[in-house]
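Novice: Submitted below is the structure of interest, expressed as structure tokens.
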Number of protein chains: 2
Amino acid sequence: MIANTPDPPYYAVIFSSIRTEVNEGYSEMADLMIELAHKQEGFIGIESARNEIGITVSYWKDIDSIRKWKQNSDHLVAQNKGRTEWYKHYKTRISKVERDYGLGK
Amino acid sequence: MIANTPDPPYYAVIFSSIRTEVNEGYSEMADLMIELAHKQEGFIGIESARNEIGITVSYWKDIDSIRKWKQNSDHLVAQNKGRTEWYKHYKTRISKVERDYGLGK
């Protein structure tokens, strides 16, 4: 589902990743993080796709909401497991959406 | 492959899409657009993944490079076919990357 975002400006966190072969606990944690993100103040929506590379884009009201989510204690545990077990390579890019347009719905 | 991007600031165009059932010409055009984008001035890199939703993020030096790519004549043909045949729903978001960090390579 394409996220329903407001008129810009708002923020996008682009998380691009390459997984290791370790699957243990991964999908449960991914689901839990999506569930928790929805409860965070300033959360707008999330989009995710994966084949060779995974791309998850989460949308946020402002930088402060992103900072608080990054420091969320459950999320810190997930980030640590991500670094040590699930991801071979990743990049997180924090960006400010200045303009958007589209088709449909 | 995760795009090799410079230190911020730079720009990210986040293109999220839901496809129709029409496949004719789609993958050839997608490949051609990626090839052409690489030749555009200001192009930095591109990442793409699809399952239920497709997410393609292209990275650019500045807004002007993005504007020129949007107006590229072959790209205009592709955009038109996208609207009328290949995509049921899409959203393009133009954003300025302010910060990034990562793991690996």
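Each chain of the structure tokens is named A, B, ... in the order shown, its residues numbered from 1; ligands are numbered from 1 in display order.
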Quick one: residues within 12 Å of Asn4 of chain A, only C-alpha atoms counted, chain neighbours fewer than 6 positions away excluded, as an mmCIF file with all heavy atoms, in the first residue's frame?

Specialist:
```
data_model
loop_
_atom_site.group_PDB
_atom_site.id
_atom_site.type_symbol
_atom_site.label_atom_id
_atom_site.label_comp_id
_atom_site.auth_asym_id
_atom_site.auth_seq_id
_atom_site.Cartn_x
_atom_site.Cartn_y
_atom_site.Cartn_z
ATOM 1 N N TYR A 10 7.084 17.184 4.809
ATOM 2 C CA TYR A 10 7.118 16.150 5.852
ATOM 3 C C TYR A 10 8.439 15.401 5.639
ATOM 4 O O TYR A 10 9.192 15.739 4.704
ATOM 5 C CB TYR A 10 5.892 15.218 5.773
ATOM 6 C CG TYR A 10 5.634 14.586 4.423
ATOM 7 C CD1 TYR A 10 6.185 13.349 4.100
ATOM 8 C CD2 TYR A 10 4.843 15.213 3.465
ATOM 9 C CE1 TYR A 10 5.941 12.760 2.870
ATOM 10 C CE2 TYR A 10 4.597 14.633 2.226
ATOM 11 C CZ TYR A 10 5.153 13.410 1.929
ATOM 12 O OH TYR A 10 4.921 12.835 0.702
ATOM 13 N N PHE A 43 4.274 9.780 13.514
ATOM 14 C CA PHE A 43 4.338 8.778 12.452
ATOM 15 C C PHE A 43 3.211 9.012 11.450
ATOM 16 O O PHE A 43 2.070 9.239 11.823
ATOM 17 C CB PHE A 43 4.190 7.376 13.066
ATOM 18 C CG PHE A 43 4.147 6.266 12.040
ATOM 19 C CD1 PHE A 43 5.318 5.748 11.489
ATOM 20 C CD2 PHE A 43 2.933 5.730 11.632
ATOM 21 C CE1 PHE A 43 5.276 4.724 10.555
ATOM 22 C CE2 PHE A 43 2.888 4.705 10.696
ATOM 23 C CZ PHE A 43 4.054 4.200 10.159
ATOM 24 N N ILE A 44 3.544 8.965 10.160
ATOM 25 C CA ILE A 44 2.535 9.178 9.121
ATOM 26 C C ILE A 44 2.203 7.885 8.375
ATOM 27 O O ILE A 44 1.041 7.566 8.152
ATOM 28 C CB ILE A 44 3.012 10.248 8.100
ATOM 29 C CG1 ILE A 44 3.182 11.612 8.785
ATOM 30 C CG2 ILE A 44 2.024 10.353 6.943
ATOM 31 C CD1 ILE A 44 3.823 12.675 7.897
ATOM 32 N N GLY A 45 3.223 7.136 7.976
ATOM 33 C CA GLY A 45 2.954 5.918 7.212
ATOM 34 C C GLY A 45 4.253 5.229 6.837
ATOM 35 O O GLY A 45 5.342 5.746 7.115
ATOM 36 N N ILE A 46 4.136 4.051 6.209
ATOM 37 C CA ILE A 46 5.330 3.272 5.873
ATOM 38 C C ILE A 46 5.076 2.466 4.601
ATOM 39 O O ILE A 46 3.948 2.043 4.347
ATOM 40 C CB ILE A 46 5.717 2.375 7.082
ATOM 41 C CG1 ILE A 46 7.101 1.738 6.922
ATOM 42 C CG2 ILE A 46 4.648 1.320 7.349
ATOM 43 C CD1 ILE A 46 7.689 1.221 8.235
ATOM 44 N N GLU A 47 6.133 2.314 3.810
ATOM 45 C CA GLU A 47 6.079 1.499 2.587
ATOM 46 C C GLU A 47 7.307 0.604 2.589
ATOM 47 O O GLU A 47 8.386 1.045 2.979
ATOM 48 C CB GLU A 47 6.126 2.390 1.341
ATOM 49 C CG GLU A 47 4.945 3.328 1.225
ATOM 50 C CD GLU A 47 5.153 4.427 0.194
ATOM 51 O OE1 GLU A 47 6.278 4.568 -0.334
ATOM 52 O OE2 GLU A 47 4.192 5.157 -0.075
ATOM 53 N N SER A 58 9.747 5.173 5.731
ATOM 54 C CA SER A 58 8.745 5.594 6.712
ATOM 55 C C SER A 58 8.631 7.111 6.650
ATOM 56 O O SER A 58 9.607 7.817 6.377
ATOM 57 C CB SER A 58 9.100 5.107 8.117
ATOM 58 O OG SER A 58 10.351 5.596 8.524
ATOM 59 N N TYR A 59 7.413 7.588 6.856
ATOM 60 C CA TYR A 59 7.129 9.023 6.733
ATOM 61 C C TYR A 59 6.779 9.583 8.099
ATOM 62 O O TYR A 59 6.047 8.948 8.864
ATOM 63 C CB TYR A 59 5.992 9.242 5.731
ATOM 64 C CG TYR A 59 6.324 8.698 4.361
ATOM 65 C CD1 TYR A 59 5.853 7.457 3.936
ATOM 66 C CD2 TYR A 59 7.165 9.405 3.497
ATOM 67 C CE1 TYR A 59 6.201 6.940 2.697
ATOM 68 C CE2 TYR A 59 7.513 8.901 2.252
ATOM 69 C CZ TYR A 59 7.024 7.668 1.854
ATOM 70 O OH TYR A 59 7.376 7.151 0.630
ATOM 71 N N TRP A 60 7.287 10.770 8.366
ATOM 72 C CA TRP A 60 7.182 11.382 9.697
ATOM 73 C C TRP A 60 6.868 12.862 9.581
ATOM 74 O O TRP A 60 7.254 13.513 8.606
ATOM 75 C CB TRP A 60 8.503 11.202 10.458
ATOM 76 C CG TRP A 60 8.873 9.767 10.635
ATOM 77 C CD1 TRP A 60 9.546 8.980 9.731
ATOM 78 C CD2 TRP A 60 8.543 8.917 11.735
ATOM 79 N NE1 TRP A 60 9.673 7.696 10.233
ATOM 80 C CE2 TRP A 60 9.071 7.625 11.456
ATOM 81 C CE3 TRP A 60 7.875 9.127 12.948
ATOM 82 C CZ2 TRP A 60 8.934 6.551 12.338
ATOM 83 C CZ3 TRP A 60 7.749 8.053 13.829
ATOM 84 C CH2 TRP A 60 8.268 6.782 13.524
ATOM 85 N N ASP A 100 5.424 16.537 -3.878
ATOM 86 C CA ASP A 100 4.986 15.209 -4.305
ATOM 87 C C ASP A 100 3.816 15.337 -5.277
ATOM 88 O O ASP A 100 3.144 16.350 -5.346
ATOM 89 C CB ASP A 100 4.634 14.319 -3.103
ATOM 90 C CG ASP A 100 3.483 14.818 -2.268
ATOM 91 O OD1 ASP A 100 2.755 15.741 -2.696
ATOM 92 O OD2 ASP A 100 3.298 14.290 -1.165
ATOM 93 N N TYR A 101 3.625 14.284 -6.072
ATOM 94 C CA TYR A 101 2.514 14.224 -7.018
ATOM 95 C C TYR A 101 2.298 12.765 -7.368
ATOM 96 O O TYR A 101 3.164 11.916 -7.105
ATOM 97 C CB TYR A 101 2.803 15.049 -8.289
ATOM 98 C CG TYR A 101 4.139 14.766 -8.923
ATOM 99 C CD1 TYR A 101 4.270 13.757 -9.864
ATOM 100 C CD2 TYR A 101 5.272 15.485 -8.550
ATOM 101 C CE1 TYR A 101 5.508 13.472 -10.437
ATOM 102 C CE2 TYR A 101 6.499 15.201 -9.108
ATOM 103 C CZ TYR A 101 6.626 14.198 -10.050
ATOM 104 O OH TYR A 101 7.843 13.909 -10.599
ATOM 105 N N GLY A 102 1.127 12.465 -7.942
ATOM 106 C CA GLY A 102 0.874 11.068 -8.193
ATOM 107 C C GLY A 102 -0.329 10.798 -9.039
ATOM 108 O O GLY A 102 -0.911 11.710 -9.651
ATOM 109 N N GLY A 104 -3.960 8.205 -9.065
ATOM 110 C CA GLY A 104 -4.821 7.206 -8.428
ATOM 111 C C GLY A 104 -5.124 7.536 -6.982
ATOM 112 O O GLY A 104 -4.432 8.336 -6.363
ATOM 113 N N LYS A 105 -6.141 6.878 -6.483
ATOM 114 C CA LYS A 105 -6.599 6.985 -5.077
ATOM 115 C C LYS A 105 -6.248 8.263 -4.351
ATOM 116 O O LYS A 105 -5.380 8.287 -3.508
ATOM 117 C CB LYS A 105 -6.007 5.853 -4.284
ATOM 118 C CG LYS A 105 -6.936 4.655 -4.322
ATOM 119 C CD LYS A 105 -6.789 3.863 -3.061
ATOM 120 C CE LYS A 105 -5.477 3.167 -3.067
ATOM 121 N NZ LYS A 105 -5.327 1.819 -3.017
ATOM 122 N N SER B 16 6.949 5.390 -5.564
ATOM 123 C CA SER B 16 6.242 4.217 -5.037
ATOM 124 C C SER B 16 5.094 3.908 -5.978
ATOM 125 O O SER B 16 4.364 4.811 -6.381
ATOM 126 C CB SER B 16 5.676 4.521 -3.649
ATOM 127 O OG SER B 16 6.676 5.072 -2.823
ATOM 128 N N HIS B 89 -1.587 2.993 -9.512
ATOM 129 C CA HIS B 89 -1.449 3.984 -8.444
ATOM 130 C C HIS B 89 0.050 4.267 -8.297
ATOM 131 O O HIS B 89 0.849 3.349 -8.267
ATOM 132 C CB HIS B 89 -2.035 3.380 -7.159
ATOM 133 C CG HIS B 89 -2.065 4.295 -5.976
ATOM 134 N ND1 HIS B 89 -2.313 3.835 -4.696
ATOM 135 C CD2 HIS B 89 -1.865 5.619 -5.862
ATOM 136 C CE1 HIS B 89 -2.280 4.857 -3.852
ATOM 137 N NE2 HIS B 89 -2.010 5.939 -4.528
ATOM 138 N N TYR B 90 0.405 5.528 -8.224
ATOM 139 C CA TYR B 90 1.801 5.831 -7.896
ATOM 140 C C TYR B 90 1.907 7.166 -7.182
ATOM 141 O O TYR B 90 0.987 7.989 -7.228
ATOM 142 C CB TYR B 90 2.715 5.786 -9.126
ATOM 143 C CG TYR B 90 2.529 6.890 -10.150
ATOM 144 C CD1 TYR B 90 2.972 8.193 -9.898
ATOM 145 C CD2 TYR B 90 1.939 6.620 -11.374
ATOM 146 C CE1 TYR B 90 2.819 9.199 -10.837
ATOM 147 C CE2 TYR B 90 1.774 7.621 -12.323
ATOM 148 C CZ TYR B 90 2.215 8.917 -12.044
ATOM 149 O OH TYR B 90 2.045 9.913 -12.971
ATOM 150 N N LYS B 91 3.024 7.332 -6.540
ATOM 151 C CA LYS B 91 3.311 8.601 -5.881
ATOM 152 C C LYS B 91 4.805 8.877 -6.039
ATOM 153 O O LYS B 91 5.629 7.983 -5.820
ATOM 154 C CB LYS B 91 2.943 8.508 -4.396
ATOM 155 C CG LYS B 91 3.030 9.805 -3.654
ATOM 156 C CD LYS B 91 1.669 10.296 -3.221
ATOM 157 C CE LYS B 91 1.693 11.698 -2.684
ATOM 158 N NZ LYS B 91 0.349 12.185 -2.358
ATOM 159 N N ARG B 93 7.809 11.351 -4.727
ATOM 160 C CA ARG B 93 8.138 12.304 -3.659
ATOM 161 C C ARG B 93 9.566 12.791 -3.843
ATOM 162 O O ARG B 93 10.490 11.982 -3.917
ATOM 163 C CB ARG B 93 7.977 11.633 -2.294
ATOM 164 C CG ARG B 93 6.542 11.199 -1.983
ATOM 165 C CD ARG B 93 6.452 10.513 -0.636
ATOM 166 N NE ARG B 93 5.097 10.216 -0.236
ATOM 167 C CZ ARG B 93 4.511 9.012 -0.347
ATOM 168 N NH1 ARG B 93 5.173 8.006 -0.884
ATOM 169 N NH2 ARG B 93 3.273 8.824 0.076
#
```

Novice: Do you have, as a Markdown table, the list of residues of chain B lying at most 10 Å from chain A, each with its nearest atom pair and that distance in Å to one decimal, counting only C-alpha atoms and ordered by chain then number?

Specialist:
```
| residue | atom | partner | partner_atom | distance |
| --- | --- | --- | --- | --- |
| B:Met1 | CA | A:Ile53 | CA | 6.4 |
| B:Ile2 | CA | A:Ser16 | CA | 6.6 |
| B:Ala3 | CA | A:Lys91 | CA | 8.9 |
| B:Asn4 | CA | A:Lys91 | CA | 9.6 |
| B:Thr5 | CA | A:Lys91 | CA | 9.8 |
| B:Pro8 | CA | A:Arg93 | CA | 9.1 |
| B:Pro9 | CA | A:Ser95 | CA | 9.1 |
| B:Tyr10 | CA | A:Ser95 | CA | 9.2 |
| B:Tyr11 | CA | A:Ser95 | CA | 8.1 |
| B:Ala12 | CA | A:Ser95 | CA | 7.7 |
| B:Val13 | CA | A:Val97 | CA | 9.1 |
| B:Ile14 | CA | A:Val57 | CA | 8.6 |
| B:Phe15 | CA | A:Gly102 | CA | 9.2 |
| B:Ser16 | CA | A:Ile2 | CA | 6.6 |
| B:Ser17 | CA | A:Ile2 | CA | 7.1 |
| B:Ile18 | CA | A:Ile2 | CA | 7.8 |
| B:Glu47 | CA | A:Ile53 | CA | 7.8 |
| B:Ser48 | CA | A:Ile53 | CA | 7.3 |
| B:Ala49 | CA | A:Arg50 | CA | 5.2 |
| B:Arg50 | CA | A:Ala49 | CA | 5.2 |
| B:Asn51 | CA | A:Ala49 | CA | 5.7 |
| B:Glu52 | CA | A:Ala49 | CA | 7.3 |
| B:Ile53 | CA | A:Ala49 | CA | 6.2 |
| B:Gly54 | CA | A:Ala49 | CA | 6.4 |
| B:Ile55 | CA | A:Ala49 | CA | 6.5 |
| B:Thr56 | CA | A:Ile55 | CA | 8.4 |
| B:Val57 | CA | A:Ile14 | CA | 8.6 |
| B:Gly82 | CA | A:Leu103 | CA | 9.8 |
| B:Arg83 | CA | A:Leu103 | CA | 7.2 |
| B:Tyr87 | CA | A:Leu103 | CA | 8.2 |
| B:Lys88 | CA | A:Gly104 | CA | 6.5 |
| B:His89 | CA | A:Gly104 | CA | 4.7 |
| B:Tyr90 | CA | A:Leu103 | CA | 5.2 |
| B:Lys91 | CA | A:Gly102 | CA | 4.2 |
| B:Thr92 | CA | A:Asp100 | CA | 5.4 |
| B:Arg93 | CA | A:Asp100 | CA | 4.3 |
| B:Ile94 | CA | A:Arg99 | CA | 5.2 |
| B:Ser95 | CA | A:Val97 | CA | 3.9 |
| B:Lys96 | CA | A:Ser95 | CA | 5.0 |
| B:Val97 | CA | A:Ser95 | CA | 4.0 |
| B:Glu98 | CA | A:Ser95 | CA | 5.4 |
| B:Arg99 | CA | A:Ile94 | CA | 5.2 |
| B:Asp100 | CA | A:Arg93 | CA | 4.3 |
| B:Tyr101 | CA | A:Thr92 | CA | 5.5 |
| B:Gly102 | CA | A:Lys91 | CA | 4.1 |
| B:Leu103 | CA | A:Tyr90 | CA | 5.2 |
| B:Gly104 | CA | A:His89 | CA | 4.6 |
| B:Lys105 | CA | A:His89 | CA | 6.8 |
```

Novice: Apply DSSP to the structure's backbone, then extract all residues of segment 14-84 of chain A labelled strand (DSSP E or B) and return them as a list of chain:residue names.

Specialist: A:Ile14, A:Phe15, A:Ser16, A:Ser17, A:Ile18, A:Arg19, A:Phe43, A:Ile44, A:Gly45, A:Ile46, A:Glu47, A:Ser48, A:Ala49, A:Arg50, A:Gly54, A:Ile55, A:Thr56, A:Val57, A:Ser58, A:Tyr59, A:Trp60

Novice: How about saving the chosen residues, N, CA, C and O atoms kept, as a CSV table (one decimal), in the first residue's frame?

Specialist:
```
chain,number,residue,atom,x,y,z
A,14,ILE,N,14.5,6.8,4.5
A,14,ILE,CA,14.8,5.8,3.5
A,14,ILE,C,15.8,4.8,4.1
A,14,ILE,O,16.9,5.1,4.3
A,15,PHE,N,15.3,3.5,4.3
A,15,PHE,CA,16.2,2.5,4.9
A,15,PHE,C,16.4,1.4,3.8
A,15,PHE,O,15.5,0.7,3.5
A,16,SER,N,17.6,1.4,3.3
A,16,SER,CA,17.9,0.4,2.2
A,16,SER,C,18.9,-0.6,2.9
A,16,SER,O,19.8,-0.3,3.6
A,17,SER,N,18.6,-1.9,2.6
A,17,SER,CA,19.4,-2.9,3.3
A,17,SER,C,19.6,-4.2,2.4
A,17,SER,O,18.8,-4.5,1.6
A,18,ILE,N,20.7,-4.9,2.8
A,18,ILE,CA,21.0,-6.2,2.2
A,18,ILE,C,21.1,-7.1,3.4
A,18,ILE,O,21.8,-6.9,4.4
A,19,ARG,N,20.3,-8.2,3.4
A,19,ARG,CA,20.2,-9.1,4.5
A,19,ARG,C,21.4,-10.1,4.5
A,19,ARG,O,21.9,-10.4,3.5
A,43,PHE,N,4.3,9.8,13.5
A,43,PHE,CA,4.3,8.8,12.5
A,43,PHE,C,3.2,9.0,11.4
A,43,PHE,O,2.1,9.2,11.8
A,44,ILE,N,3.5,9.0,10.2
A,44,ILE,CA,2.5,9.2,9.1
A,44,ILE,C,2.2,7.9,8.4
A,44,ILE,O,1.0,7.6,8.2
A,45,GLY,N,3.2,7.1,8.0
A,45,GLY,CA,3.0,5.9,7.2
A,45,GLY,C,4.3,5.2,6.8
A,45,GLY,O,5.3,5.7,7.1
A,46,ILE,N,4.1,4.1,6.2
A,46,ILE,CA,5.3,3.3,5.9
A,46,ILE,C,5.1,2.5,4.6
A,46,ILE,O,3.9,2.0,4.3
A,47,GLU,N,6.1,2.3,3.8
A,47,GLU,CA,6.1,1.5,2.6
A,47,GLU,C,7.3,0.6,2.6
A,47,GLU,O,8.4,1.0,3.0
A,48,SER,N,7.2,-0.6,2.1
A,48,SER,CA,8.3,-1.6,2.2
A,48,SER,C,8.2,-2.5,1.0
A,48,SER,O,7.2,-3.0,0.7
A,49,ALA,N,9.4,-2.8,0.4
A,49,ALA,CA,9.5,-3.8,-0.6
A,49,ALA,C,10.9,-4.5,-0.5
A,49,ALA,O,11.8,-3.8,-0.1
A,50,ARG,N,11.0,-5.7,-0.9
A,50,ARG,CA,12.3,-6.4,-0.9
A,50,ARG,C,12.4,-7.4,-2.0
A,50,ARG,O,11.4,-8.2,-2.2
A,54,GLY,N,16.3,-4.6,0.1
A,54,GLY,CA,15.1,-4.2,0.8
A,54,GLY,C,15.1,-2.6,0.9
A,54,GLY,O,16.1,-2.0,1.1
A,55,ILE,N,13.9,-2.1,0.6
A,55,ILE,CA,13.8,-0.6,0.8
A,55,ILE,C,12.5,-0.4,1.7
A,55,ILE,O,11.4,-0.9,1.3
A,56,THR,N,12.7,0.3,2.8
A,56,THR,CA,11.6,0.6,3.6
A,56,THR,C,11.6,2.1,3.8
A,56,THR,O,12.6,2.7,4.2
A,57,VAL,N,10.5,2.8,3.4
A,57,VAL,CA,10.4,4.2,3.6
A,57,VAL,C,9.4,4.5,4.6
A,57,VAL,O,8.2,4.1,4.5
A,58,SER,N,9.7,5.2,5.7
A,58,SER,CA,8.7,5.6,6.7
A,58,SER,C,8.6,7.1,6.7
A,58,SER,O,9.6,7.8,6.4
A,59,TYR,N,7.4,7.6,6.9
A,59,TYR,CA,7.1,9.0,6.7
A,59,TYR,C,6.8,9.6,8.1
A,59,TYR,O,6.0,8.9,8.9
A,60,TRP,N,7.3,10.8,8.4
A,60,TRP,CA,7.2,11.4,9.7
A,60,TRP,C,6.9,12.9,9.6
A,60,TRP,O,7.3,13.5,8.6
```

Novice: So what do you get for atom CA of Ser27 of chain A versus atom CA of Thr20 of chain B, distance-wise?

Specialist: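 Interatomic distance here is 27.9 Å.
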
Novice: Find the residues around Lys70 of chain B up to 12 Å (only C-alpha atoms counted), leave out those fewer than 4 positions away in its own chain, and share them as JSON, numbers by chain.

Specialist: {"B": [13, 33, 36, 37, 40, 63, 64, 65, 66, 74, 75, 76, 77, 78, 79, 80, 92, 94]}

Novice: Selected residues, N, CA and C atoms, written as an mmCIF file, in the first residue's frame, please.

Specialist:
```
data_model
loop_
_atom_site.group_PDB
_atom_site.id
_atom_site.type_symbol
_atom_site.label_atom_id
_atom_site.label_comp_id
_atom_site.auth_asym_id
_atom_site.auth_seq_id
_atom_site.Cartn_x
_atom_site.Cartn_y
_atom_site.Cartn_z
ATOM 1 N N VAL B 13 14.586 10.962 -5.090
ATOM 2 C CA VAL B 13 13.244 10.886 -5.661
ATOM 3 C C VAL B 13 12.693 9.503 -5.324
ATOM 4 N N MET B 33 15.002 3.140 -18.979
ATOM 5 C CA MET B 33 14.984 4.355 -18.157
ATOM 6 C C MET B 33 16.159 4.383 -17.177
ATOM 7 N N LEU B 36 19.187 5.287 -19.208
ATOM 8 C CA LEU B 36 19.199 6.719 -19.546
ATOM 9 C C LEU B 36 19.470 7.606 -18.329
ATOM 10 N N ALA B 37 18.890 7.232 -17.203
ATOM 11 C CA ALA B 37 19.091 8.027 -15.983
ATOM 12 C C ALA B 37 20.587 8.126 -15.659
ATOM 13 N N GLN B 40 22.277 10.956 -17.299
ATOM 14 C CA GLN B 40 21.839 12.321 -17.003
ATOM 15 C C GLN B 40 22.843 13.029 -16.104
ATOM 16 N N ILE B 63 18.099 19.729 -7.375
ATOM 17 C CA ILE B 63 16.731 19.799 -7.897
ATOM 18 C C ILE B 63 16.719 20.017 -9.414
ATOM 19 N N ASP B 64 17.681 20.778 -9.890
ATOM 20 C CA ASP B 64 17.731 21.087 -11.310
ATOM 21 C C ASP B 64 17.958 19.818 -12.144
ATOM 22 N N SER B 65 18.813 18.922 -11.669
ATOM 23 C CA SER B 65 19.042 17.650 -12.367
ATOM 24 C C SER B 65 17.757 16.833 -12.420
ATOM 25 N N ILE B 66 16.977 16.859 -11.351
ATOM 26 C CA ILE B 66 15.719 16.105 -11.287
ATOM 27 C C ILE B 66 14.727 16.689 -12.291
ATOM 28 N N ASP B 74 12.529 10.998 -23.877
ATOM 29 C CA ASP B 74 12.250 9.560 -23.759
ATOM 30 C C ASP B 74 11.561 9.241 -22.434
ATOM 31 N N HIS B 75 11.964 9.979 -21.411
ATOM 32 C CA HIS B 75 11.351 9.776 -20.100
ATOM 33 C C HIS B 75 9.886 10.229 -20.109
ATOM 34 N N LEU B 76 9.583 11.280 -20.860
ATOM 35 C CA LEU B 76 8.191 11.750 -20.967
ATOM 36 C C LEU B 76 7.309 10.678 -21.606
ATOM 37 N N VAL B 77 7.839 9.989 -22.611
ATOM 38 C CA VAL B 77 7.102 8.888 -23.244
ATOM 39 C C VAL B 77 6.833 7.785 -22.211
ATOM 40 N N ALA B 78 7.866 7.443 -21.451
ATOM 41 C CA ALA B 78 7.728 6.407 -20.416
ATOM 42 C C ALA B 78 6.718 6.816 -19.342
ATOM 43 N N GLN B 79 6.774 8.070 -18.933
ATOM 44 C CA GLN B 79 5.838 8.557 -17.907
ATOM 45 C C GLN B 79 4.389 8.432 -18.392
ATOM 46 N N ASN B 80 4.194 8.752 -19.673
ATOM 47 C CA ASN B 80 2.852 8.689 -20.232
ATOM 48 C C ASN B 80 2.330 7.247 -20.305
ATOM 49 N N THR B 92 5.124 10.084 -6.452
ATOM 50 C CA THR B 92 6.513 10.505 -6.574
ATOM 51 C C THR B 92 6.765 11.558 -5.506
ATOM 52 N N ILE B 94 9.712 14.084 -3.910
ATOM 53 C CA ILE B 94 11.033 14.678 -4.112
ATOM 54 C C ILE B 94 11.531 15.202 -2.775
#
```

Novice: Would you mind reading off the distance between atom CA of Met29 of chain B and atom CA of Lys68 of chain B, one decimal, in Å?

Specialist: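 Computing it gives 18.7 Å between the two atoms.
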
Novice: Leaving out Gly25 of chain A and any residue of its chain fewer than 6 positions from it, which residues lie within 12 Å of it when counting only C-alpha atoms, given as a list in words?

Specialist: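 These residues fall inside the cut-off: Asp31, Leu32, Ala78, Lys81, Gly82, Glu85 and Trp86 of chain A.
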
Novice: Quick one: distance from atom CA of Ile34 of chain A to atom CA of Asp62 of chain A in Å, one decimal?

Specialist: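 Computing it gives 18.1 Å between the two atoms.
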
Novice: Going by DSSP on the backbone, which bits of chain B are alpha helix (DSSP H)? Write them as an MDAnalysis selection string, please.

Specialist: chainID B and resid 26:39 63:71 73:81
